[in-house]
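Novice: Have a look at the structure that comes next, please.
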Amino acid sequence: MRNQPGRRAEKKTGLDLQEDIMKTGKIKLWFFLHLQCLLIVDLVDSSSLPSTRSLSITSMVGSQAVLPCSWKDRLGEAPAFCHVQWATLSDTVFEQRGDDRYQAAEFRGRVKVPEEQLGSGDCSLIISDVQIGDTGRYESFMVVDGQRSRGTRVFIQSVKLSVFDHKSHQSGRPGGDLVVDLHTPRSVRLVFQGRNSSVWSDMWMRGDKNTWRLEKHPLLEQLTIRNLKRSDEGTYKVLDGQGLAVSTVQLSVEENSTAARVNLMLENRPTDAAVHSSCSHLLLVSLLVWSFHILHVF
């Protein structure tokens with residue numbers, strides 16, 4: 001009988017433990033569900049961010065690239081005393097505040113944000129005569145001017161720009177011409193590698209005088225190589241000031257082309273007089289053979 005109170009205490013302790021376990025389980029379940037919700041929200045936010053805040057643009061050397069931007073999508077209404085800034089990860093590319101305008105040295109004269117479109121929310125950056133070196137990520141900001149010439153930047157848009165060089169295959173005939181497009185005034189050099197060679201040789205540098213065989217067009221960004229030979233077959237590369245390829249041209253010289261064969265046949269075609277003379281000689285020989293045969297029979 002002395003052990004009964006102890007047994008009751010043990011039973012109560014066991015019930016208490018069960019209740020504690022159930023409470024702990026509910027707390028863990030609530031924590032797990034709450035954590036799941038947070039993760040789902042985070043995934044939704046992170047997945048929607050690149051589609052609305054990051055874009056990819058491709059362009060070719062020498063052409064114009066437009067990096068889109070709309071501050072209304074981000075800010076709704078532009079605050080007073082603000083201006084647009086475009087920057088890479090390492091430097092500011094373009095910034096204009098009133099009459100004060102800043103352009104990075106490598107972009108000078110090639111970048112702008114049209115002021116007439118800013119009021120409607122378009123803050124796109126236009127890059128003219130794009131170069132291989134322009135490849136990279138660009139970010140736009142709305143800079144809100146504060147007191148003591150200090151500003152606060154509000155991120156608007158991220159754009160990845162990829163610039164590619166031109167590639168082409170051309171064929172020519174002996175004595176013909178090859179026209180090589182330079183694509184941009186920033187092209188400074190033309191190099192050549194023969195079909196069976198591993199050595200690159202200089203053919204032209206900007207500022208060189210024209211020769212009877214290689215001529216720079218006075219207005220267009222074009223080079224003309226005249227009087228092609230079989231030894232001109234190979235690869236031609238146009239390079240910019242940094243040594244990056246602007247364009248690559250693979251040339252093949254077809255010495256026995258169809259046109260050449262047709263011209264050769266036309267040149268060697270017998271004239272009417274020659275045909276008439278040949279027929280006359282053939283008729284005379286036939287008559288002599290026939291006469292000799294008749295005399296031999298009789």
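To be explicit about the labels: the chains of the structure tokens are called A, B, and onward in the order shown, and within each one the residues are counted from 1, while ligands get numbers from 1 in the order they are shown.
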Write out as a PDB file with C-alpha atoms, in the first residue's frame which residues come within 6 Å of range 56-61 of chain A when counting only C-alpha atoms, dropping same-chain ones fewer than 6 positions away.
Specialist:
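Written out: out.pdb:
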ATOM      1  CA  VAL A 130      29.802  49.165 -80.311  1.00  0.00           C
ATOM      2  CA  GLN A 131      33.120  47.379 -79.829  1.00  0.00           C
ATOM      3  CA  VAL A 159      21.558  44.721 -68.757  1.00  0.00           C
ATOM      4  CA  LYS A 160      24.183  42.278 -70.023  1.00  0.00           C
ATOM      5  CA  LEU A 161      25.644  43.330 -73.393  1.00  0.00           C
ATOM      6  CA  SER A 162      27.436  40.789 -75.624  1.00  0.00           C
ATOM      7  CA  VAL A 163      29.255  42.077 -78.734  1.00  0.00           C
ATOM      8  CA  PHE A 164      30.384  39.668 -81.467  1.00  0.00           C
ATOM      9  CA  ASP A 165      32.759  40.017 -84.420  1.00  0.00           C
TER      10      ASP A 165
END
Novice: When you look at Gln96 in chain A with a cut-off of 8 Å (counting only C-alpha atoms), what residues show up, excluding the ones that are within fewer than 5 positions of it in the same chain? I need them as a list in words.
Specialist: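 Using only C-alpha atoms, the neighbours found are His83, Val84, Gln85, Arg101 and Tyr102 of chain A.
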Novice: The selected residues should be written to file as a short mmCIF file (atom, residue, chain, number, x, y, z; two decimals), in the first residue's frame (atoms: C-alpha atoms).
Specialist:
data_model
loop_
_atom_site.label_atom_id
_atom_site.label_comp_id
_atom_site.auth_asym_id
_atom_site.auth_seq_id
_atom_site.Cartn_x
_atom_site.Cartn_y
_atom_site.Cartn_z
CA HIS A 83 19.07 62.29 -62.83
CA VAL A 84 19.98 58.99 -64.53
CA GLN A 85 23.29 57.22 -64.20
CA ARG A 101 27.42 65.54 -68.72
CA TYR A 102 29.93 62.80 -67.96
#
Novice: Find the residues around Gln193 in chain A up to 7 Å (only C-alpha atoms counted), leave out those fewer than 4 positions away in its own chain, and share them as a list in words.
Specialist: Ser197, Ser198, Val199, Trp200, Ser201, Gly234, Thr235 and Tyr236 of chain A
Novice: Taking the chain letters and numbering used in this document, name the residues of range 129-231 of chain A that DSSP puts in strand (DSSP E), as an MDAnalysis selection string.
Specialist: chainID A and resid 136:145 151:164 166:172 178:181 187:194 201:205 214:216 222:225
